[in-house]
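Shown next: input-v3.txt, given as compact mmCIF, C-alpha atoms.
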# COMPACT_ATOMS: atom_id res chain seq x y z
CA MET A 1 26.07 19.98 -1.76
CA GLY A 2 28.96 20.47 -4.18
CA LYS A 3 31.00 17.67 -2.56
CA LEU A 4 28.04 15.29 -2.74
CA LYS A 5 27.67 15.88 -6.49
CA THR A 6 31.35 15.18 -7.08
CA VAL A 7 31.19 11.96 -5.03
CA LEU A 8 28.07 10.77 -6.86
CA ASN A 9 29.43 11.60 -10.31
CA LYS A 10 32.85 10.03 -9.70
CA PRO A 11 33.02 7.04 -12.07
CA ILE A 12 33.43 3.43 -11.00
CA GLU A 13 35.74 1.78 -13.49
CA PRO A 14 35.11 -1.93 -14.00
CA ASN A 15 37.07 -3.99 -16.52
CA ASN A 16 34.72 -3.41 -19.45
CA GLY A 17 33.85 0.29 -19.21
CA VAL A 18 32.89 3.18 -16.99
CA VAL A 19 29.72 3.26 -14.88
CA PRO A 20 28.95 6.55 -13.11
CA ARG A 21 28.91 6.23 -9.32
CA LYS A 22 25.43 7.79 -9.19
CA GLU A 23 24.03 5.06 -11.43
CA GLY A 24 25.73 2.36 -9.37
CA LEU A 25 24.17 3.76 -6.20
CA TRP A 26 20.73 3.83 -7.81
CA PHE A 27 21.06 0.17 -8.80
CA ALA A 28 22.19 -0.68 -5.26
CA ALA A 29 19.16 1.14 -3.82
CA GLY A 30 16.84 -0.80 -6.11
CA VAL A 31 18.37 -4.14 -5.18
CA ALA A 32 18.22 -3.24 -1.48
CA GLY A 33 14.48 -2.60 -1.73
CA GLN A 34 13.96 -5.86 -3.58
CA ASN A 35 15.93 -7.82 -0.98
CA ILE A 36 14.06 -6.22 1.91
CA SER A 37 10.68 -7.08 0.40
CA CYS A 38 11.80 -10.64 -0.42
CA GLY A 39 13.01 -11.06 3.17
CA LEU A 40 9.69 -9.87 4.57
CA VAL A 41 7.64 -12.13 2.30
CA GLY A 42 9.95 -15.08 2.98
CA GLY A 43 9.67 -14.63 6.73
CA TRP A 44 5.89 -14.44 6.48
CA PHE A 45 5.85 -17.54 4.25
CA TYR A 46 7.68 -19.66 6.85
CA TYR A 47 5.35 -18.46 9.59
CA PHE A 48 2.28 -19.15 7.46
CA CYS A 49 3.39 -22.65 6.46
CA THR A 50 4.34 -23.77 9.97
CA ASP A 51 1.88 -21.94 12.25
CA VAL A 52 -1.20 -21.39 10.07
CA ALA A 53 -1.22 -24.24 7.51
CA TYR A 54 0.54 -26.67 9.91
CA TYR A 55 2.95 -28.11 7.36
CA ASP A 56 5.94 -30.03 8.63
CA MET A 57 9.16 -28.01 8.39
CA ARG A 58 10.85 -30.89 6.52
CA VAL A 59 8.23 -30.63 3.75
CA ILE A 60 8.77 -26.88 3.47
CA ALA A 61 12.56 -27.37 3.38
CA PHE A 62 12.22 -29.99 0.62
CA VAL A 63 9.93 -27.82 -1.49
CA LEU A 64 12.12 -24.73 -1.17
CA THR A 65 15.30 -26.72 -1.86
CA PHE A 66 13.68 -28.19 -4.97
CA ALA A 67 12.64 -24.67 -6.05
CA ARG A 68 16.24 -23.39 -5.72
CA ILE A 69 17.61 -26.34 -7.70
CA TRP A 70 14.92 -25.78 -10.35
CA ASP A 71 15.95 -22.12 -10.57
CA ALA A 72 19.62 -23.07 -10.92
CA VAL A 73 18.82 -25.33 -13.88
CA ASN A 74 15.91 -23.48 -15.46
CA ASP A 75 17.18 -19.87 -15.44
CA PRO A 76 20.21 -20.49 -17.71
CA LEU A 77 18.03 -22.57 -20.05
CA MET A 78 15.50 -19.74 -20.34
CA GLY A 79 18.34 -17.30 -20.96
CA VAL A 80 19.62 -19.43 -23.82
CA LEU A 81 16.09 -19.77 -25.22
CA ILE A 82 15.58 -16.01 -25.18
CA ASP A 83 19.02 -15.29 -26.67
CA ARG A 84 18.63 -17.75 -29.55
CA HIS A 85 15.03 -17.02 -30.53
CA ARG A 86 13.85 -13.98 -32.47
CA PHE A 87 10.19 -13.30 -33.15
CA LYS A 88 8.86 -12.12 -36.53
CA ASN A 89 8.94 -8.49 -35.41
CA GLY A 90 12.66 -8.80 -34.58
CA GLU A 91 12.27 -8.63 -30.81
CA LYS A 92 13.70 -11.17 -28.41
CA LEU A 93 12.33 -10.67 -24.90
CA ARG A 94 9.24 -8.46 -25.01
CA PRO A 95 6.90 -11.05 -26.61
CA TRP A 96 7.83 -13.49 -23.84
CA LEU A 97 7.06 -10.83 -21.26
CA LYS A 98 3.66 -10.20 -22.83
CA LEU A 99 2.68 -13.89 -22.91
CA THR A 100 4.11 -15.63 -19.86
CA PRO A 101 2.62 -13.59 -16.98
CA PHE A 102 -0.90 -14.69 -17.94
CA ILE A 103 0.07 -18.35 -18.24
CA VAL A 104 2.20 -18.46 -15.10
CA GLY A 105 -0.26 -16.36 -13.11
CA SER A 106 -3.24 -18.51 -13.99
CA VAL A 107 -1.37 -21.75 -13.30
CA PHE A 108 -0.01 -20.59 -9.95
CA ASN A 109 -3.40 -19.25 -8.89
CA VAL A 110 -5.18 -22.54 -9.66
CA ILE A 111 -2.62 -25.04 -8.32
CA PRO A 112 -2.87 -23.95 -4.65
CA LEU A 113 -6.64 -24.32 -4.78
CA LEU A 114 -6.20 -27.99 -5.66
CA PHE A 115 -3.99 -28.71 -2.65
CA ILE A 116 -5.52 -26.69 0.19
CA ARG A 117 -5.87 -28.78 3.31
CA TYR A 118 -7.25 -27.74 6.64
CA PRO A 119 -6.29 -29.19 10.02
CA ASP A 120 -8.83 -31.57 11.55
CA SER A 121 -9.27 -29.30 14.56
CA LEU A 122 -10.38 -26.47 12.26
CA LYS A 123 -12.87 -28.75 10.51
CA GLN A 124 -14.30 -29.84 13.86
CA GLN A 125 -14.59 -26.24 15.02
CA VAL A 126 -16.38 -25.19 11.83
CA GLU A 127 -18.78 -28.14 12.10
CA ALA A 128 -19.52 -27.30 15.76
CA ASP A 129 -20.17 -23.66 14.85
CA LEU A 130 -22.56 -24.71 12.08
CA LYS A 131 -24.46 -27.02 14.45
CA ALA A 132 -24.73 -24.22 17.02
CA ARG A 133 -26.01 -21.76 14.41
CA ARG A 134 -28.59 -24.28 13.17
CA ALA A 135 -29.74 -24.93 16.73
CA GLU A 136 -30.06 -21.17 17.35
CA SER A 137 -32.05 -20.73 14.13
CA ALA A 138 -34.33 -23.63 15.02
CA ALA A 139 -34.88 -22.25 18.53
CA GLU A 140 -35.65 -18.77 17.15
CA ALA A 141 -38.07 -20.22 14.60
CA HIS A 142 -39.76 -22.31 17.30
CA SER A 143 -40.14 -19.32 19.65
CA ALA A 144 -41.44 -17.14 16.79
CA ALA A 145 -43.98 -19.84 15.91
CA GLN A 146 -45.12 -20.05 19.53
CA GLU A 147 -45.52 -16.27 19.72
CA THR A 148 -47.66 -16.18 16.60
CA THR A 149 -49.89 -19.01 17.86
CA ALA A 150 -50.19 -17.33 21.27
CA ASP A 151 -51.19 -14.03 19.61
CA ALA A 152 -53.87 -15.74 17.52

Any chance you could put this one into structure tokens?
Amino acid sequence: MGKLKTVLNKPIEPNNGVVPRKEGLWFAAGVAGQNISCGLVGGWFYYFCTDVAYYDMRVIAFVLTFARIWDAVNDPLMGVLIDRHRFKNGEKLRPWLKLTPFIVGSVFNVIPLLFIRYPDSLKQQVEADLKARRAESAAEAHSAAQETTADA
């Protein structure tokens, strides 16, 4: 255990200062967890778009490429906006973090609802199921009516 503590506390010396090795390892563990979860969600997203929603892979590739280009342009602009703007209370970032999740969350929860499309085969299957259920209900109502008239 003593050797482990000395290895973890040995400093990593970058150009601008000293970062303890233990802190560097904690940051690496956090980034590893983030990358694993992003990989799992990304893999599920491709499966969902191609096999469940039946989107063409070229459409998915275009949308994701556009999203990466948007990030490459937008992220530095947002960084400059945050660095150059101070709120009345003297803070820079926290007011943005309080405001934007509600706006972004509501927008990105409403937009998909506007563009949901179902494959024609699914629509046909749902319509056939509804017709079958209506026919069953009508048959049950008819048999129940016959039983009540026969009992009377």

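Between Leu122 in chain A and the residues A:Tyr54, A:Phe45, A:Phe27, A:Phe66, the shortest atom-to-atom distance, using all atoms listed in the file, involves A:Tyr54.
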
Kindly assemble as JSON lines a list of the range 51-74 of chain A residues that lie within 12 Å of range 104-118 of chain A, each paired with its nearest atom pair and their distance in Å to one decimal, using all atoms listed in the file, sorted first by chain and then by ascending residue number.
{"residue": "A:Val52", "atom": "CA", "partner": "A:Tyr118", "partner_atom": "CA", "distance": 9.4}
{"residue": "A:Ala53", "atom": "CA", "partner": "A:Tyr118", "partner_atom": "CA", "distance": 7.0}
{"residue": "A:Tyr54", "atom": "CA", "partner": "A:Tyr118", "partner_atom": "CA", "distance": 8.5}
{"residue": "A:Tyr55", "atom": "CA", "partner": "A:Arg117", "partner_atom": "CA", "distance": 9.7}

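Pairwise distance (CA of Trp44 in chain A, CA of Val73 in chain A) equals 26.5 Å.
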
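Across the structure, CA of Pro101 in chain A and CA of Cys38 in chain A are spaced 19.2 Å apart.
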
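As for CA of Leu64 in chain A and CA of Gly42 in chain A, they are spaced 10.7 Å apart.
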